[in-house]
Each structure stands twice: as structure tokens, then as C-alpha cells.
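First the structure, in the form of C-alpha cells, and then the observations on it.
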Amino acid sequence: MMSTDSAAIENRNKYETIRDRVVGDYLRKTPGSAQLHQQARTVLAGGVSGNLRYFSPYPLYTKSALGSRMTDVDGNDYIDSFSANGPLLLGHNHPALVEAVQASQELGALPLNPAIMVECAGLVQEIVPCAERVRFLNTGTEAVMTAVRIARAFTGKPGIVKFHGHYHGQDDQFLIGIDSSDALFSAGVAPEAPASIHLCRYLDLEQLESLLQGNGEIAAVIMDPAMHAGGLWGSDGEKLAALRQLTQQYGVLLIFDEVISGCRLAPGGAQQQFGVTPDMVTMAKALAAGEKLALVAGSREIMSVVDPLAEEGTPRVFQSGTVNDGPAALASACAALRTYRQLYQQGDYQRLEHRTGQIGQTLQEVFRSAGIACQVNHLASMLQIHLGGNELNFETAQGHDTQLLELFYLALINEGVMLSLPTSNHIYFSFAHSEQDFEIISNKIGEVFTRYGFDSLGNN
């Protein structure tokens with residue numbers, strides 16, 4: 001019988017053999033990206049404009065995209081299921097969006113208060129349950145910063161409850177508790193920045209109630225209904241309803257950070273899907289389906305703190321931005337929102353969720369049949385893969401080695417499937433993915449295991 005140490009060494013040798021083959025094929029397939037990366041590193045830190053876009057041995061560089069497909073600088077085509085980390089729910093260059101953006105060009109880049117801004121806010125008001133009043137911004141980070149500022153001004157209280165495993169953008173105060181620890185997520189964050197942030201286990205209502213009972217200075221509870229950064233552990237409708245009741249009981253605002261779940265779970269986001277209406281919402285990503293736009297919305301009373309015409313005595317919150325209302329982004333959002341509503345009425349949301357679930361089942365079955373413990377989390381059109389156990393939760397999934405999973409994603413890229421970036425583990429399907437796309441992806445998952453020998457790593 002082989003000793004534990006000998007088995008570990010043999011398994012490591014197998015992994016290194018697989019890695020060399022996968023990386024070798026990637027190097028041969030993408031010489032143009034390799035060359036461009038070297039050039040990019042002379043002008044861009046790391047050769048990219050965001051940490052998430054980099055993966056080893058070097059990232060892909062692309063030149064065109066349409067529908068579910070993307071082409072790199074070497075002319076290789078890929079089925080894109082990373083979807084720019086979520087925004088491309090309609091795929092690349094959807095005709096309705098292209099037409100809307102082109103039509104907006106006659107307005108110029110930044111006219112004063114473009115009329116299309118009113119049209120877009122009206123659509124948001126119709127579709128998103130809590131959106132009595134809207135303000136537009138550029139990014140999800142800005143939207144969260146503004147929502148929290150509004151909540152603090154409206155309540156006159158400084159404290160914000162944040163759940164472990166939830167990501168709320170790049171503001172210093174929220175770069176904490178991304179995993180199950182209280183550690184800061186980034187260097188350069190002042191230790192005192194999260195001083196008014198109170199961490200809590202996600203949907204642990206007993207812990208939350210104890211926190212609210214013991215602290216009368218809590219303005220709001222903020223949450224991502226998808227719990228996407230923590231592993232896509234999702235939400236429970238009954239617990240969300242209980243959370244809504246608890247915040248109301250203690251006079252605390254509830255903010256849904258729907259930067260990711262907005263438009264993706266349903267046109268009106270998680271609040272439409274689960275039937276739970278928060279006090280405020282932030283949205284971005286799929287809102288404009290690829291153009292740069294975000295929003296914060298809430299009740300008329302709460303949003304009055306940014307209303308110049310509010311009655312005397314209302315707290316005055318400053319919120320502005322040079323390109324908050326760019327016509328191209330607003331036009332894209334209008335076209336996207338109308339398209340989402342139509343797709344929802346036609347049952348396409350349910351069909352996309354079903355097809356996404358089938359890919360999740362395929363992934364789980366292929367890994368497990370090879371003796372590799374695996375759990376695939378599925379919510380709407382999103383997936384995340386967790387290796388190292390078959391019945392994991394947020395806490396038990398922490399700290400598992402991701403090398404094998406990253407190599408698997410790179411191997412799929414070699415096969416023309418960008419299921420996710422190797423360093424991301426975020427899988428987003430879109431309405432542009434055809435039945436043929438799903439069939440190809442399903443087949444390539446099995447082929448990759450056989451071709452590279454991933455199945456030889458099982459039961460170790």
C-alpha cells in the first residue's frame with residue numbers, strides 16, 4: 001500500500017505533468033497575446049487595467065466580440081461565459097443596444113440633463129420595486145458609497161452592518177470581511193476606515209438581532225442577495241423576509257446591493273425574484289449591459305436628502321459626477337431594460353436558468369466521477385465551482401487550494417471555451433448563448449478531463 005506521503009508526491013507529479021501540457025498548449029495557441037502582454041507591461045501596471053483581468057502565464061488580449069463569441073488577437077474564437085464579470089447579460093453588441101447607442105450620438109457626449117435620463121429613470125421606477133426615486137452614477141462602488149451616505153444622513157446614525165462574504169466595491173470602509181475573517185482585503189486601507197462597519201454572519205438573524213439590540217447607532221444593513229464574492233451561496237426568500245421584518249422592527253434601513261443580481265435574477269433583481277422590498281438598492285453591471293452606468297434608488301422620503309427642493313430641515317447630501325448621465329450609457333440601459341422585461345415575460349429567464357443548471361450538473365458530475373470532491377453553486381444564470389468537498393458552505397469552503405480549478409479553466413480556454421477567467425471562478429451565462437453553445441460547453445468539459453488527464457488526480 002502506498003504511503004500518504006508517496007501518494008501526495010505522485011499526485012503532485014501528475015498535476016505538474018497536466019499543468020505543463022495545459023500551459024504548453026496555451027503558449028502555442030496565443031503567441032500574439034504573449035507578445036502584447038510584454039508590450040502592455042511597459043505602459044500598464046501588470047499589463048492590465050484591473051487585477052481581475054490578469055491570469056498566469058499571461059492574459060488573453062482580444063480584438064472583437066459578437067453575441068456569445070469573442071476573438072483574441074491571434075484569431076482564436078471563444079464562447080464567452082465570463083461576460084466581462086457579469087454585465088453582458090445580453091451578450092456582446094446586442095443589436096437593440098447598438099442601435100440605441102448609435103441613435104444617442106446626436107445628443108453629444110455630455111449635454112446638460114439629457115431627456116433620456118428621465119426616460120431611463122422612469123423605466124427603473126416601473127421595473128424595480130423600491131425605486132420611487134433614482135440617481136444615476138458611473139460604477140457600483142460609487143453607488144454603494146452614495147447609498148450609505150444617504151442612509152447615514154437620513155437616519156442620523158453612522159453604523160453600517162455588513163455581512164461576511166459580501167463585496168460592496170472599492171471604498172476603503174467596505175474592504176473588510178470579504179471572507180469569514182475580519183481581515184482587510186487590500187493593502188493601503190487605513191485600519192480606522194471600517195470603524196463604523198459592523199460585521200455579521202450572513203443571514204444569522206440571531207446574531208444580527210443581538211447586534212441591533214446592543215447598538216442604537218446602526219443606520220443600515222447592506223447585503224448582496226447573491227453573496228457572489230463569498231462563493232455564490234445565494235439567499236433564502238424566507239430569511240430575506242425575516243431580515244426585512246427585523247430591520248423594520250429596529251428602525252434600520254435595508255440596502256440591497258444589486259450591482260450583480262440586478263437584472264440578472266429578474267429584471268427587477270432579487271427584490272422582484274424573492275418578493276422582498278428593501279429601502280434602497282444599488283445597481284450596475286447588467287443595468288446598461290456593457291456601458292458604464294450605475295444607480296442608487298429608494299423611497300421618495302429617503303432620497304429626499306439629495307433633492308435640492310426638499311423641505312427645509314432635510315439633511316443635505318452632496319452627490320454629483322461629471323459623466324453620471326452620459327446619453328450612450330442611458331440609451332443602452334433603456335434598451336436593455338426593455339429587452340429584459342420582454343425576455344422575462346417570454347419565459348427566457350427561466351429557460352436560461354435551467355440551461356445554466358444543466359452545465360452546473362455536468363461540471364459536478366465530471367469532477368465527482370473522476371474522484372474529485374466538488375460542489376457547484378447555481379443562482380439564476382450564474383455558477384461557481386468549489387473543490388474540496390461535496391457538501392460545503394461558506395465557512396467550510398474557505399482556504400481550499402484553487403490551483404487545480406484555475407488549471408481547469410485555462411484548459412477550457414485552450415478548447416475555445418472561456419467558462420471563467422482562471423483567477424476569477426465567476427461564470428455568467430447570457431441570453432446570447434445558444435443551445436449549441438451550451439452543448440459545446442458541456443462536451444468540452446468532459447473532453448478536457450480526458451485530454452489532459454484531470455481524471456487521474458481523483459481520490460487523492
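Ordering of the C-alpha cells sets the chain letters (A, B, ...); residue numbers start at 1 within each chain; ligands are numbered from 1 in the order shown.
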
Kindly assemble as JSON lines a list of the region 35-72 of chain A residues that lie within 7 Å of region 89-98 of chain A, each paired with its nearest atom pair and their distance in Å to one decimal, using only C-alpha atoms, sorted first by chain and then by ascending residue number.
{"residue": "A:Ala65", "atom": "CA", "partner": "A:His92", "partner_atom": "CA", "distance": 5.9}
{"residue": "A:Leu66", "atom": "CA", "partner": "A:His92", "partner_atom": "CA", "distance": 4.7}
{"residue": "A:Gly67", "atom": "CA", "partner": "A:His92", "partner_atom": "CA", "distance": 4.6}
{"residue": "A:Ser68", "atom": "CA", "partner": "A:Gly91", "partner_atom": "CA", "distance": 5.4}

Keeping only N, CA and C atoms, write the selected residues as a compact mmCIF listing (two decimals), in the first residue's frame.
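Resulting contents of result-v6.txt:
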# COMPACT_ATOMS: atom_id res chain seq x y z
N ALA A 65 -15.77 41.03 -30.64
CA ALA A 65 -16.73 40.17 -29.94
C ALA A 65 -18.12 40.42 -30.50
N LEU A 66 -18.93 39.38 -30.54
CA LEU A 66 -20.30 39.49 -31.02
C LEU A 66 -21.12 38.34 -30.44
N GLY A 67 -22.26 38.68 -29.86
CA GLY A 67 -23.12 37.66 -29.27
C GLY A 67 -22.43 36.95 -28.12
N SER A 68 -22.33 35.64 -28.20
CA SER A 68 -21.68 34.85 -27.15
C SER A 68 -20.21 34.60 -27.47

All residues 8 Å or closer to Phe55 (chain A), only C-alpha atoms, same chain fewer than 6 positions away omitted, as a PyMOL selection string: chain A and resi 421-423

Save the residues we just selected, N, CA and C atoms, as a PDB file, in the first residue's frame?
ATOM      1  N   LEU A 421     -12.471  33.323 -16.156  1.00  0.00           N
ATOM      2  CA  LEU A 421     -11.034  33.560 -16.067  1.00  0.00           C
ATOM      3  C   LEU A 421     -10.467  32.644 -14.991  1.00  0.00           C
ATOM      4  N   PRO A 422      -9.264  32.111 -15.184  1.00  0.00           N
ATOM      5  CA  PRO A 422      -8.702  31.185 -14.198  1.00  0.00           C
ATOM      6  C   PRO A 422      -8.642  31.749 -12.784  1.00  0.00           C
ATOM      7  N   THR A 423      -8.407  33.043 -12.642  1.00  0.00           N
ATOM      8  CA  THR A 423      -8.284  33.625 -11.309  1.00  0.00           C
ATOM      9  C   THR A 423      -9.611  34.146 -10.775  1.00  0.00           C
TER      10      THR A 423
END

Could you write out, as a PyMOL selection string, all the residues of region 127-296 of chain A that DSSP marks as strand (DSSP E or B)? chain A and resi 133-137+159-163+176+184+197-200+218-223+253-258+262+266+280-283+289+291+294-296

List as a tab-separated table every residue of region 397-447 of chain A that is in contact with region 376-392 of chain A, defined as an atom at most 6 Å from one of its atoms (using only C-alpha atoms), together with the nearest atom pair and the distance in Å rounded to one decimal, sorted by chain and then rising number.
residue	atom	partner	partner_atom	distance
A:Ala397	CA	A:Leu392	CA	5.8
A:Asn425	CA	A:Gln384	CA	5.8
A:His426	CA	A:Gln384	CA	5.8
A:Ile427	CA	A:Leu383	CA	5.1
A:Tyr428	CA	A:Met382	CA	4.7
A:Phe429	CA	A:Ser381	CA	5.3

Using N, CA and C atoms, can you export the residues from the last selection as an mmCIF file, in the first residue's frame?
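Dumped to again.cif:
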data_model
loop_
_atom_site.group_PDB
_atom_site.id
_atom_site.type_symbol
_atom_site.label_atom_id
_atom_site.label_comp_id
_atom_site.auth_asym_id
_atom_site.auth_seq_id
_atom_site.Cartn_x
_atom_site.Cartn_y
_atom_site.Cartn_z
ATOM 1 N N ALA A 397 -15.802 26.183 2.872
ATOM 2 C CA ALA A 397 -15.163 26.324 1.560
ATOM 3 C C ALA A 397 -13.968 27.264 1.588
ATOM 4 N N ASN A 425 -13.229 32.397 -11.190
ATOM 5 C CA ASN A 425 -14.253 31.431 -10.797
ATOM 6 C C ASN A 425 -15.656 32.035 -10.854
ATOM 7 N N HIS A 426 -15.833 33.079 -11.645
ATOM 8 C CA HIS A 426 -17.151 33.663 -11.842
ATOM 9 C C HIS A 426 -17.652 33.275 -13.230
ATOM 10 N N ILE A 427 -18.734 32.515 -13.272
ATOM 11 C CA ILE A 427 -19.318 32.043 -14.527
ATOM 12 C C ILE A 427 -20.663 32.737 -14.713
ATOM 13 N N TYR A 428 -20.809 33.438 -15.828
ATOM 14 C CA TYR A 428 -22.043 34.160 -16.130
ATOM 15 C C TYR A 428 -22.519 33.800 -17.530
ATOM 16 N N PHE A 429 -23.657 33.162 -17.620
ATOM 17 C CA PHE A 429 -24.230 32.908 -18.942
ATOM 18 C C PHE A 429 -25.136 34.069 -19.342
#

Can you work out which one of A:Asp257, A:Gly86, A:Thr62, A:Val101 has the shortest atom-to-atom distance to His166 (chain A), counting only C-alpha atoms?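 Comparing A:Asp257, A:Gly86, A:Thr62, A:Val101 against His166 (chain A), the winner is A:Asp257.
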
Find the residues of region 339-416 of chain A that sit at most 12 Å from region 269-286 of chain A; for each, write down the nearest two atoms and how far apart they are in Å, to one decimal. Count only C-alpha atoms. Sort by chain, then by number going up, and give it as CSV.
residue,atom,partner,partner_atom,distance
A:Thr339,CA,A:Ala286,CA,11.7
A:Tyr340,CA,A:Ala286,CA,9.9
A:Arg341,CA,A:Gly269,CA,11.4
A:Tyr344,CA,A:Gln273,CA,11.2
A:Tyr349,CA,A:Gln273,CA,11.1
A:Gln350,CA,A:Gln273,CA,11.5
A:Leu379,CA,A:Ala270,CA,10.8
A:Ala380,CA,A:Gln273,CA,10.0

Among listed residues A:Val189, A:Leu309, A:Ala336, A:Leu457, nearest Ala289 (chain A) (using only C-alpha atoms):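 Closest to Ala289 (chain A) of all the choices is A:Ala336.
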
Separation of CA of Leu112 (chain A) and CA of Asp325 (chain A), in Å?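 Value for the CA of Leu112 (chain A)-CA of Asp325 (chain A) distance: 8.8 Å.
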
Counting only C-alpha atoms, the residue of A:Ser181, A:Ser261, A:Gln436, A:Ser369 that sits nearest Gly140 (chain A):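 Checking each of A:Ser181, A:Ser261, A:Gln436, A:Ser369 against Gly140 (chain A), counting only C-alpha atoms, the winner is A:Ser261.
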
Applying 10 Å and only C-alpha atoms, which residues near region 135-137 of chain A remain after dropping the ones on its own chain fewer than 2 positions away? List them as number ranges by chain. A: 117, 120-121, 131, 133, 139-143, 146-147, 282-284, 292-298, 303, 306, 319-326, 330

In region 49-231 of chain A, what's helix (DSSP H, G or I) per DSSP? Answer as a ChimeraX atom specification? /A:51-53,83-85,95-107,115-127,140-155,172-174,205-214

What's around region 207-218 of chain A at 10 Å? Count only C-alpha atoms, leave out sequence neighbours fewer than 4 positions away in its own chain, and write the answer as a count of residues only. 26

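Nearest to Asp182 (chain A) of all the residues A:Gly24, A:Gly230, A:Pro225, A:Pro194 is A:Pro194, counting only C-alpha atoms.
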